[in-house]
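Printed here is run_16.tsv (TSV, C-alpha atoms (C1' of nucleotides)):
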chain	number	residue	atom	x	y	z
A	6	MET	CA	-18.41	10.41	5.83
A	7	LYS	CA	-15.76	8.75	3.69
A	8	ILE	CA	-12.40	7.69	5.12
A	9	ALA	CA	-9.65	6.34	2.84
A	10	THR	CA	-6.12	4.99	3.06
A	11	PHE	CA	-3.59	5.16	0.22
A	12	ASN	CA	0.04	4.05	0.14
A	13	VAL	CA	1.29	6.51	-2.50
A	14	ASN	CA	4.85	5.12	-2.82
A	15	GLY	CA	6.51	8.54	-3.04
A	16	ILE	CA	4.27	11.59	-2.77
A	17	THR	CA	6.53	13.73	-4.96
A	18	SER	CA	6.37	11.57	-8.06
A	19	ARG	CA	2.80	10.48	-7.24
A	20	LEU	CA	1.35	13.96	-6.74
A	21	PRO	CA	-0.58	14.05	-10.06
A	22	ARG	CA	-2.19	10.68	-9.26
A	23	LEU	CA	-2.95	11.74	-5.69
A	24	LEU	CA	-4.59	15.03	-6.69
A	25	GLU	CA	-6.58	13.32	-9.42
A	26	TRP	CA	-7.83	10.69	-6.96
A	27	LEU	CA	-8.72	13.29	-4.30
A	28	GLU	CA	-10.74	15.19	-6.89
A	29	GLU	CA	-12.63	12.08	-7.97
A	30	SER	CA	-13.09	10.35	-4.66
A	31	ARG	CA	-13.37	13.37	-2.33
A	32	PRO	CA	-12.71	11.46	0.88
A	33	ASP	CA	-13.45	13.44	4.04
A	34	ILE	CA	-10.30	11.93	5.56
A	35	ALA	CA	-7.35	10.36	3.74
A	36	CYS	CA	-4.50	8.52	5.44
A	37	LEU	CA	-1.35	8.38	3.30
A	38	GLN	CA	1.72	6.18	3.63
A	39	GLU	CA	5.18	5.93	2.07
A	40	LEU	CA	5.56	9.66	1.48
A	41	LYS	CA	9.32	9.12	0.98
A	42	THR	CA	9.96	12.79	1.59
A	43	SER	CA	11.10	15.03	4.41
A	44	ASP	CA	8.79	17.28	6.43
A	45	ALA	CA	10.16	20.34	4.62
A	46	THR	CA	9.39	19.00	1.14
A	47	PHE	CA	5.82	17.78	1.74
A	48	PRO	CA	3.59	19.30	-1.02
A	49	GLU	CA	1.48	21.27	1.44
A	50	LEU	CA	0.37	23.98	-1.00
A	51	ALA	CA	-0.88	21.60	-3.69
A	52	ILE	CA	-2.89	19.64	-1.13
A	53	LYS	CA	-4.29	22.81	0.39
A	54	ALA	CA	-5.28	23.99	-3.09
A	55	ALA	CA	-7.18	20.72	-3.52
A	56	GLY	CA	-9.26	21.67	-0.49
A	57	TYR	CA	-7.52	19.58	2.17
A	58	GLY	CA	-5.91	20.41	5.47
A	59	ALA	CA	-3.05	18.11	6.36
A	60	ILE	CA	-0.58	16.98	8.97
A	61	TRP	CA	2.41	14.83	8.10
A	62	HIS	CA	5.34	12.97	9.60
A	63	GLY	CA	7.96	12.74	6.90
A	64	GLN	CA	11.34	11.08	6.54
A	65	LYS	CA	13.92	11.68	3.85
A	66	GLY	CA	13.81	8.90	1.30
A	67	PHE	CA	11.71	6.34	3.18
A	68	ASN	CA	8.52	5.78	5.13
A	69	GLY	CA	6.43	8.85	6.02
A	70	VAL	CA	2.71	9.12	6.88
A	71	ALA	CA	0.09	11.87	6.60
A	72	ILE	CA	-3.54	12.61	7.44
A	73	LEU	CA	-5.59	14.80	5.09
A	74	ALA	CA	-9.03	16.24	5.85
A	75	LYS	CA	-11.44	17.95	3.49
A	76	ASP	CA	-12.13	21.53	4.55
A	77	ALA	CA	-10.63	20.90	7.99
A	78	ASP	CA	-7.35	20.85	9.87
A	79	PRO	CA	-6.58	17.51	11.56
A	80	GLN	CA	-5.74	18.03	15.22
A	81	GLU	CA	-2.63	16.00	15.91
A	82	ARG	CA	-2.77	13.66	18.92
A	83	ARG	CA	0.40	11.64	18.47
A	84	ARG	CA	3.32	11.09	16.09
A	85	GLY	CA	5.10	7.77	16.51
A	86	LEU	CA	4.05	4.92	18.79
A	87	PRO	CA	4.86	4.87	22.51
A	88	ASN	CA	7.60	2.83	24.15
A	89	ASP	CA	10.59	3.10	21.86
A	90	PRO	CA	12.30	6.51	21.90
A	91	ASP	CA	15.05	5.10	19.67
A	92	ASP	CA	12.70	4.25	16.79
A	93	THR	CA	13.58	6.68	13.99
A	94	HIS	CA	11.02	5.48	11.42
A	95	SER	CA	8.07	7.73	10.53
A	96	ARG	CA	5.29	5.15	10.55
A	97	TYR	CA	2.46	6.38	12.78
A	98	LEU	CA	0.43	9.57	12.96
A	99	GLU	CA	-2.81	10.08	14.90
A	100	ALA	CA	-5.31	12.94	14.79
A	101	SER	CA	-8.80	14.00	15.73
A	102	VAL	CA	-10.83	15.28	12.80
A	103	HIS	CA	-14.48	15.38	11.75
A	104	GLY	CA	-15.44	13.84	15.10
A	105	VAL	CA	-13.33	10.69	14.86
A	106	VAL	CA	-9.85	9.65	15.94
A	107	VAL	CA	-7.80	8.45	12.98
A	108	GLY	CA	-4.46	6.64	12.95
A	109	SER	CA	-2.39	6.50	9.75
A	110	ILE	CA	-0.29	3.33	9.89
A	111	TYR	CA	2.69	2.15	7.87
A	112	LEU	CA	3.61	-1.14	9.48
A	113	PRO	CA	7.12	-2.43	8.68
A	114	ASN	CA	7.40	-4.82	5.74
A	115	GLY	CA	9.69	-7.23	7.59
A	116	ASN	CA	11.49	-8.90	4.69
A	117	PRO	CA	13.65	-10.81	4.52
A	118	GLN	CA	12.49	-13.22	7.18
A	119	PRO	CA	13.79	-14.50	9.45
A	120	GLY	CA	16.13	-11.67	10.39
A	121	PRO	CA	16.39	-8.31	12.10
A	122	LYS	CA	13.87	-6.62	9.80
A	123	PHE	CA	11.27	-9.27	10.66
A	124	ASP	CA	12.09	-8.87	14.36
A	125	TYR	CA	11.54	-5.11	13.99
A	126	LYS	CA	8.20	-5.73	12.28
A	127	LEU	CA	6.96	-7.92	15.13
A	128	ALA	CA	8.27	-5.52	17.79
A	129	TRP	CA	6.60	-2.55	16.08
A	130	PHE	CA	3.40	-4.61	15.78
A	131	LYS	CA	3.45	-5.29	19.53
A	132	ARG	CA	3.75	-1.56	20.24
A	133	LEU	CA	0.79	-0.94	17.91
A	134	ILE	CA	-1.24	-3.64	19.69
A	135	ASP	CA	-0.50	-2.08	23.08
A	136	HIS	CA	-1.46	1.40	21.88
A	137	ALA	CA	-4.56	0.13	20.06
A	138	ALA	CA	-5.80	-1.50	23.29
A	139	GLN	CA	-5.92	1.92	24.93
A	140	LEU	CA	-7.61	3.48	21.89
A	141	PHE	CA	-10.23	0.75	21.80
A	142	GLU	CA	-11.20	1.40	25.40
A	143	SER	CA	-11.51	5.15	24.85
A	144	HIS	CA	-14.90	6.76	24.57
A	145	GLU	CA	-14.11	7.97	21.07
A	146	GLN	CA	-14.84	6.66	17.58
A	147	VAL	CA	-11.57	5.32	16.22
A	148	VAL	CA	-10.37	4.23	12.76
A	149	LEU	CA	-6.89	2.73	12.33
A	150	ALA	CA	-6.16	2.84	8.61
A	151	GLY	CA	-3.08	2.07	6.62
A	152	ASP	CA	-0.63	-0.34	5.05
A	153	TYR	CA	-0.41	-3.14	7.62
A	154	ASN	CA	1.84	-5.32	5.43
A	155	VAL	CA	-0.28	-8.30	6.50
A	156	VAL	CA	-2.14	-10.68	4.19
A	157	PRO	CA	-4.67	-11.85	6.79
A	158	THR	CA	-5.45	-15.31	5.34
A	159	ASP	CA	-4.87	-17.49	2.28
A	160	ALA	CA	-8.46	-16.91	1.14
A	161	VAL	CA	-8.85	-15.69	-2.44
A	162	ARG	CA	-10.29	-12.52	-0.92
A	163	ASP	CA	-6.81	-11.76	0.48
A	164	ILE	CA	-4.36	-13.25	-2.04
A	165	TYR	CA	-4.38	-14.85	-5.48
A	166	ALA	CA	-3.65	-18.57	-5.77
A	167	THR	CA	0.13	-18.77	-5.56
A	168	ARG	CA	3.06	-20.19	-3.63
A	169	SER	CA	5.30	-17.26	-4.60
A	170	TYR	CA	4.75	-15.48	-1.28
A	171	LYS	CA	4.92	-18.50	1.02
A	172	ASP	CA	8.20	-17.36	2.62
A	173	ASP	CA	7.25	-13.68	2.58
A	174	ALA	CA	7.04	-11.71	5.83
A	175	LEU	CA	3.48	-10.62	4.93
A	176	LEU	CA	2.10	-14.17	5.23
A	177	GLN	CA	4.04	-15.69	8.11
A	178	PRO	CA	2.17	-17.26	11.04
A	179	GLU	CA	3.71	-14.76	13.49
A	180	THR	CA	2.53	-11.85	11.30
A	181	ARG	CA	-0.97	-13.24	11.02
A	182	ALA	CA	-1.11	-14.03	14.72
A	183	ALA	CA	-0.23	-10.42	15.55
A	184	TYR	CA	-2.99	-9.14	13.25
A	185	ARG	CA	-5.40	-11.62	14.85
A	186	GLN	CA	-4.34	-10.44	18.31
A	187	LEU	CA	-5.18	-6.87	17.26
A	188	LEU	CA	-8.59	-7.89	15.91
A	189	ASP	CA	-9.26	-9.89	19.07
A	190	GLN	CA	-9.28	-6.63	21.02
A	191	GLY	CA	-12.58	-6.05	19.23
A	192	TRP	CA	-11.56	-4.18	16.09
A	193	THR	CA	-13.45	-4.85	12.85
A	194	ASP	CA	-11.66	-5.23	9.51
A	195	ALA	CA	-14.20	-3.15	7.56
A	196	ILE	CA	-13.49	-4.44	4.05
A	197	CYS	CA	-13.51	-8.06	5.21
A	198	LYS	CA	-16.78	-7.52	7.06
A	199	LEU	CA	-18.67	-6.06	4.10
A	200	HIS	CA	-16.96	-8.10	1.34
A	201	PRO	CA	-16.10	-11.49	2.87
A	202	ASP	CA	-16.03	-13.40	-0.43
A	203	ALA	CA	-14.93	-10.93	-3.15
A	204	THR	CA	-11.31	-10.38	-4.16
A	205	MET	CA	-10.39	-7.12	-2.45
A	206	TYR	CA	-6.72	-6.67	-3.33
A	207	THR	CA	-5.00	-3.37	-2.57
A	208	TYR	CA	-1.48	-4.13	-3.83
A	209	TRP	CA	-0.02	-5.54	-7.06
A	210	ASP	CA	3.74	-5.81	-7.53
A	211	TYR	CA	5.12	-3.68	-10.37
A	212	PHE	CA	6.70	-6.58	-12.16
A	213	ARG	CA	6.03	-10.17	-13.17
A	214	ASN	CA	2.96	-8.78	-14.95
A	215	ARG	CA	1.09	-8.98	-11.65
A	216	TRP	CA	-1.32	-6.11	-12.30
A	217	ALA	CA	-2.37	-7.51	-15.69
A	218	ARG	CA	-2.79	-10.96	-14.09
A	219	ASP	CA	-4.70	-9.50	-11.13
A	220	ALA	CA	-2.11	-11.23	-8.95
A	221	GLY	CA	-2.74	-9.03	-5.93
A	222	LEU	CA	-2.66	-8.94	-2.15
A	223	ARG	CA	-4.99	-7.37	0.43
A	224	ILE	CA	-2.64	-5.59	2.81
A	225	ASP	CA	-4.19	-2.14	3.32
A	226	HIS	CA	-6.82	-2.27	6.04
A	227	LEU	CA	-9.27	-0.03	7.91
A	228	LEU	CA	-9.92	-1.20	11.47
A	229	LEU	CA	-12.91	0.18	13.36
A	230	ASN	CA	-13.71	0.08	17.05
A	231	ASP	CA	-17.23	-0.89	18.15
A	232	LYS	CA	-18.41	2.70	18.40
A	233	THR	CA	-17.44	3.24	14.76
A	234	VAL	CA	-18.50	-0.07	13.23
A	235	ALA	CA	-22.07	0.76	14.21
A	236	ARG	CA	-21.87	3.53	11.58
A	237	LEU	CA	-20.28	1.41	8.80
A	238	LYS	CA	-22.29	1.53	5.57
A	239	GLU	CA	-19.92	0.88	2.65
A	240	ALA	CA	-16.36	-0.23	1.96
A	241	GLY	CA	-14.33	-0.63	-1.19
A	242	VAL	CA	-11.09	-0.38	-3.12
A	243	ASP	CA	-10.48	2.16	-5.91
A	244	LYS	CA	-8.87	-0.51	-8.04
A	245	SER	CA	-8.77	1.53	-11.25
A	246	VAL	CA	-6.21	3.90	-9.67
A	247	ARG	CA	-3.64	1.06	-9.88
A	248	GLY	CA	-4.10	0.86	-13.68
A	249	ARG	CA	-3.21	4.45	-14.49
A	250	GLU	CA	-0.05	6.06	-15.83
A	251	LYS	CA	2.84	6.00	-13.35
A	252	PRO	CA	0.71	4.49	-10.57
A	253	SER	CA	1.56	3.55	-7.02
A	254	ASP	CA	1.79	-0.21	-6.52
A	255	HIS	CA	-1.12	0.18	-4.05
A	256	ALA	CA	-4.74	1.20	-4.70
A	257	PRO	CA	-6.74	3.32	-2.22
A	258	ALA	CA	-9.11	1.51	0.16
A	259	TRP	CA	-12.04	3.29	1.81
A	260	ILE	CA	-15.11	3.13	4.01
A	261	VAL	CA	-18.27	5.21	4.29
A	262	LEU	CA	-19.70	5.89	7.75
A	263	GLN	CA	-23.33	6.90	8.19
B	195	DA	C1'	14.95	-19.32	-8.12
B	196	DT	C1'	15.08	-14.60	-8.91
B	197	DG	C1'	13.51	-7.40	-6.86
B	198	DC	C1'	12.30	-9.33	-13.34
B	199	DC	C1'	10.00	-2.74	-11.49
B	200	DT	C1'	9.94	1.76	-9.21
B	201	DG	C1'	11.23	5.76	-6.21
B	202	DT	C1'	14.84	8.14	-3.77
B	203	DC	C1'	19.15	10.22	-3.25
B	204	DT	C1'	22.34	11.46	-6.22
B	205	DG	C1'	24.83	12.27	-10.05
B	206	DG	C1'	25.69	5.68	-10.92
B	207	DG	C1'	24.62	2.59	-8.40
B	208	DA	C1'	22.97	1.25	-3.93
B	209	DC	C1'	19.09	0.66	-1.09
B	210	DA	C1'	14.36	-0.17	0.03
B	211	DG	C1'	10.00	-1.81	-1.01
B	212	DA	C1'	6.52	-6.59	-0.63
Mind converting the file's structure to structure tokens?
Amino acid sequence: MKIATFNVNGITSRLPRLLEWLEESRPDIACLQELKTSDATFPELAIKAAGYGAIWHGQKGFNGVAILAKDADPQERRRGLPNDPDDTHSRYLEASVHGVVVGSIYLPNGNPQPGPKFDYKLAWFKRLIDHAAQLFESHEQVVLAGDYNVVPTDAVRDIYATRSYKDDALLQPETRAAYRQLLDQGWTDAICKLHPDATMYTYWDYFRNRWARDAGLRIDHLLLNDKTVARLKEAGVDKSVRGREKPSDHAPAWIVLQ
DNA sequence: ATGCCTGTCTGGGACAGA
């Protein structure tokens, strides 16, 4: 079974790229982020025609997450994280499908830092950590996939050699400590586990020629609990998707479970 | 040193993204 995550950066303008990738890659489950569209304008029919059931949590203009499943309807378990009824951002969606529990995550970017946006990022992260602790202890197989907006380390696997991002919210010690705290619950970063030494970037900024220079970041992650990591067989990034016409600035990342 | 692109909402320019 193949499970993928793809920050589409606007599902309306990205629909041709999304449908093309679904046809090629045929993931059994696909977590999408940055829909940038309202619930009412989600392209449900086009995705259904591609052979996928879907649930989505949209927001006009910004954010937005979805879970797609091949030949199945994801059973929604939760939209939004617990413990902040005033949080209006559409950044978390959780479903049961094909025998696993899947969370689609769009963690706040947090720039500029320091500042209120960085505070929101860390607060949202703490809510995710609290919720993930409960998921990890459940009897189910769980995959938390999405755009975490965290570059885990300075290793070349995670980021090209640069100082350009040194003040960026994605690299700060507090951001990395929160990601480490999540992993310390027992979650496995699937791509890191299977490809510890290769460059596994999932994001390249649109400008400064960063795609052509392969000046990328690894910020889209698939985290597996112990019951799921026992099934992990393959992991990868569909890098070529980033090089196409009118691409997202992210490439899809994926795992294969036995 | 810097949103230098891109998408969205809107109808031109601001805002957000990383």
Neighbours of Leu86 in chain A within 9 Å (only C-alpha atoms (C1' of nucleotides); same-chain residues fewer than 5 positions away dropped), as a tab-separated table (two decimals) with C-alpha atoms, in the coordinates of the input?
chain	number	residue	atom	x	y	z
A	92	ASP	CA	12.70	4.25	16.79
A	96	ARG	CA	5.29	5.15	10.55
A	97	TYR	CA	2.46	6.38	12.78
A	98	LEU	CA	0.43	9.57	12.96
A	129	TRP	CA	6.60	-2.55	16.08
A	132	ARG	CA	3.75	-1.56	20.24
A	133	LEU	CA	0.79	-0.94	17.91
A	136	HIS	CA	-1.46	1.40	21.88
Give as a PyMOL selection string each residue that has an atom at most 10 Å from (8.2, -9.7, -11.8) in the file, counting only C-alpha atoms (C1' of nucleotides). (chain A and resi 210-215) or (chain B and resi 196-199)
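Each of A:Leu140, A:Ala174, A:Ala54, A:Ala45 was checked against Asn230 in chain A using all atoms listed in the file; the smallest atom-to-atom distance is that of A:Leu140.
Every protein, DNA or RNA residue with an atom at most 12 Å from DT202 in chain B, where only C-alpha atoms (C1' of nucleotides) count and chain neighbours fewer than 2 positions away do not, is listed here: Asn14, Gly15, Ile16, Thr17, Ser18, Glu39, Leu40, Lys41, Thr42, Ser43, Gln64, Lys65, Gly66, Phe67 and Asn68 of chain A; DT200, DT204, DA208, DC209, DA210 and DG211 of chain B.
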Those residues you just picked out, can you put them in a file as an mmCIF file, in the frame of the given file with C-alpha atoms (C1' of nucleotides)?
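This is the output file out.cif:
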data_model
loop_
_atom_site.group_PDB
_atom_site.id
_atom_site.type_symbol
_atom_site.label_atom_id
_atom_site.label_comp_id
_atom_site.auth_asym_id
_atom_site.auth_seq_id
_atom_site.Cartn_x
_atom_site.Cartn_y
_atom_site.Cartn_z
ATOM 1 C CA ASN A 14 4.850 5.120 -2.820
ATOM 2 C CA GLY A 15 6.510 8.540 -3.040
ATOM 3 C CA ILE A 16 4.270 11.590 -2.770
ATOM 4 C CA THR A 17 6.530 13.730 -4.960
ATOM 5 C CA SER A 18 6.370 11.570 -8.060
ATOM 6 C CA GLU A 39 5.180 5.930 2.070
ATOM 7 C CA LEU A 40 5.560 9.660 1.480
ATOM 8 C CA LYS A 41 9.320 9.120 0.980
ATOM 9 C CA THR A 42 9.960 12.790 1.590
ATOM 10 C CA SER A 43 11.100 15.030 4.410
ATOM 11 C CA GLN A 64 11.340 11.080 6.540
ATOM 12 C CA LYS A 65 13.920 11.680 3.850
ATOM 13 C CA GLY A 66 13.810 8.900 1.300
ATOM 14 C CA PHE A 67 11.710 6.340 3.180
ATOM 15 C CA ASN A 68 8.520 5.780 5.130
ATOM 16 C "C1'" DT B 200 9.940 1.760 -9.210
ATOM 17 C "C1'" DT B 204 22.340 11.460 -6.220
ATOM 18 C "C1'" DA B 208 22.970 1.250 -3.930
ATOM 19 C "C1'" DC B 209 19.090 0.660 -1.090
ATOM 20 C "C1'" DA B 210 14.360 -0.170 0.030
ATOM 21 C "C1'" DG B 211 10.000 -1.810 -1.010
#
Would you list the contacts of Ala71 in chain A as JSON, numbers by chain, taking every protein, DNA or RNA residue within 9 Å and counting all atoms listed in the file, but skipping same-chain residues closer than 5 positions in sequence? {"A": [35, 36, 37, 38, 40, 59, 60, 61, 62, 63, 97, 98, 99, 109]}
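Note that CA of Ala138 in chain A and CA of Leu188 in chain A are 10.2 Å apart.
The residue that comes closest to Asp78 in chain A, out of A:Gly108, A:Ile34, A:Trp216, A:Pro119 and on the basis of all atoms listed in the file, is A:Ile34.
Atom pair CA of Lys53 in chain A / CA of Ile196 in chain A: separated by 29.0 Å.
Between CA of Asn114 in chain A and CA of Gln186 in chain A the separation is 18.1 Å.
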Give me, as a VMD selection string, all polymer residues having an atom no more than 10 Å from Thr193 in chain A, counting all atoms listed in the file and skipping those fewer than 2 positions away in the same chain. chain A and resid 148 187 to 191 195 to 198 226 to 231 233 to 234
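Using only C-alpha atoms, the nearest neighbour of Asp159 in chain A within the list A:Trp209, A:Tyr111, A:Ala55, A:Gly221 is A:Gly221.
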At a cut-off of 12 Å around the point (12.8, -5.9, 7.7) (file coordinates), what residues fall inside when counting only C-alpha atoms (C1' of nucleotides)? I'd like the answer as an mmCIF file with C-alpha atoms (C1' of nucleotides), in the coordinates of the input.
data_model
loop_
_atom_site.group_PDB
_atom_site.id
_atom_site.type_symbol
_atom_site.label_atom_id
_atom_site.label_comp_id
_atom_site.auth_asym_id
_atom_site.auth_seq_id
_atom_site.Cartn_x
_atom_site.Cartn_y
_atom_site.Cartn_z
ATOM 1 C CA LEU A 112 3.610 -1.140 9.480
ATOM 2 C CA PRO A 113 7.120 -2.430 8.680
ATOM 3 C CA ASN A 114 7.400 -4.820 5.740
ATOM 4 C CA GLY A 115 9.690 -7.230 7.590
ATOM 5 C CA ASN A 116 11.490 -8.900 4.690
ATOM 6 C CA PRO A 117 13.650 -10.810 4.520
ATOM 7 C CA GLN A 118 12.490 -13.220 7.180
ATOM 8 C CA PRO A 119 13.790 -14.500 9.450
ATOM 9 C CA GLY A 120 16.130 -11.670 10.390
ATOM 10 C CA PRO A 121 16.390 -8.310 12.100
ATOM 11 C CA LYS A 122 13.870 -6.620 9.800
ATOM 12 C CA PHE A 123 11.270 -9.270 10.660
ATOM 13 C CA ASP A 124 12.090 -8.870 14.360
ATOM 14 C CA TYR A 125 11.540 -5.110 13.990
ATOM 15 C CA LYS A 126 8.200 -5.730 12.280
ATOM 16 C CA LEU A 127 6.960 -7.920 15.130
ATOM 17 C CA ALA A 128 8.270 -5.520 17.790
ATOM 18 C CA TRP A 129 6.600 -2.550 16.080
ATOM 19 C CA ASN A 154 1.840 -5.320 5.430
ATOM 20 C CA ASP A 173 7.250 -13.680 2.580
ATOM 21 C CA ALA A 174 7.040 -11.710 5.830
ATOM 22 C CA LEU A 175 3.480 -10.620 4.930
ATOM 23 C "C1'" DA B 210 14.360 -0.170 0.030
ATOM 24 C "C1'" DG B 211 10.000 -1.810 -1.010
ATOM 25 C "C1'" DA B 212 6.520 -6.590 -0.630
#
Got a sec: who's within 12 Å of Gln263 in chain A, counting only C-alpha atoms (C1' of nucleotides), leaving out chain neighbours fewer than 6 positions off, as a list in words? Met6, Lys7, Ile8, Thr233, Val234, Ala235, Arg236, Leu237, Lys238, Glu239 and Ala240 of chain A
Nearest candidate to chain B (options A:Asp172, A:Glu145, A:Asp194, A:Asp33; using only C-alpha atoms (C1' of nucleotides)): A:Asp172
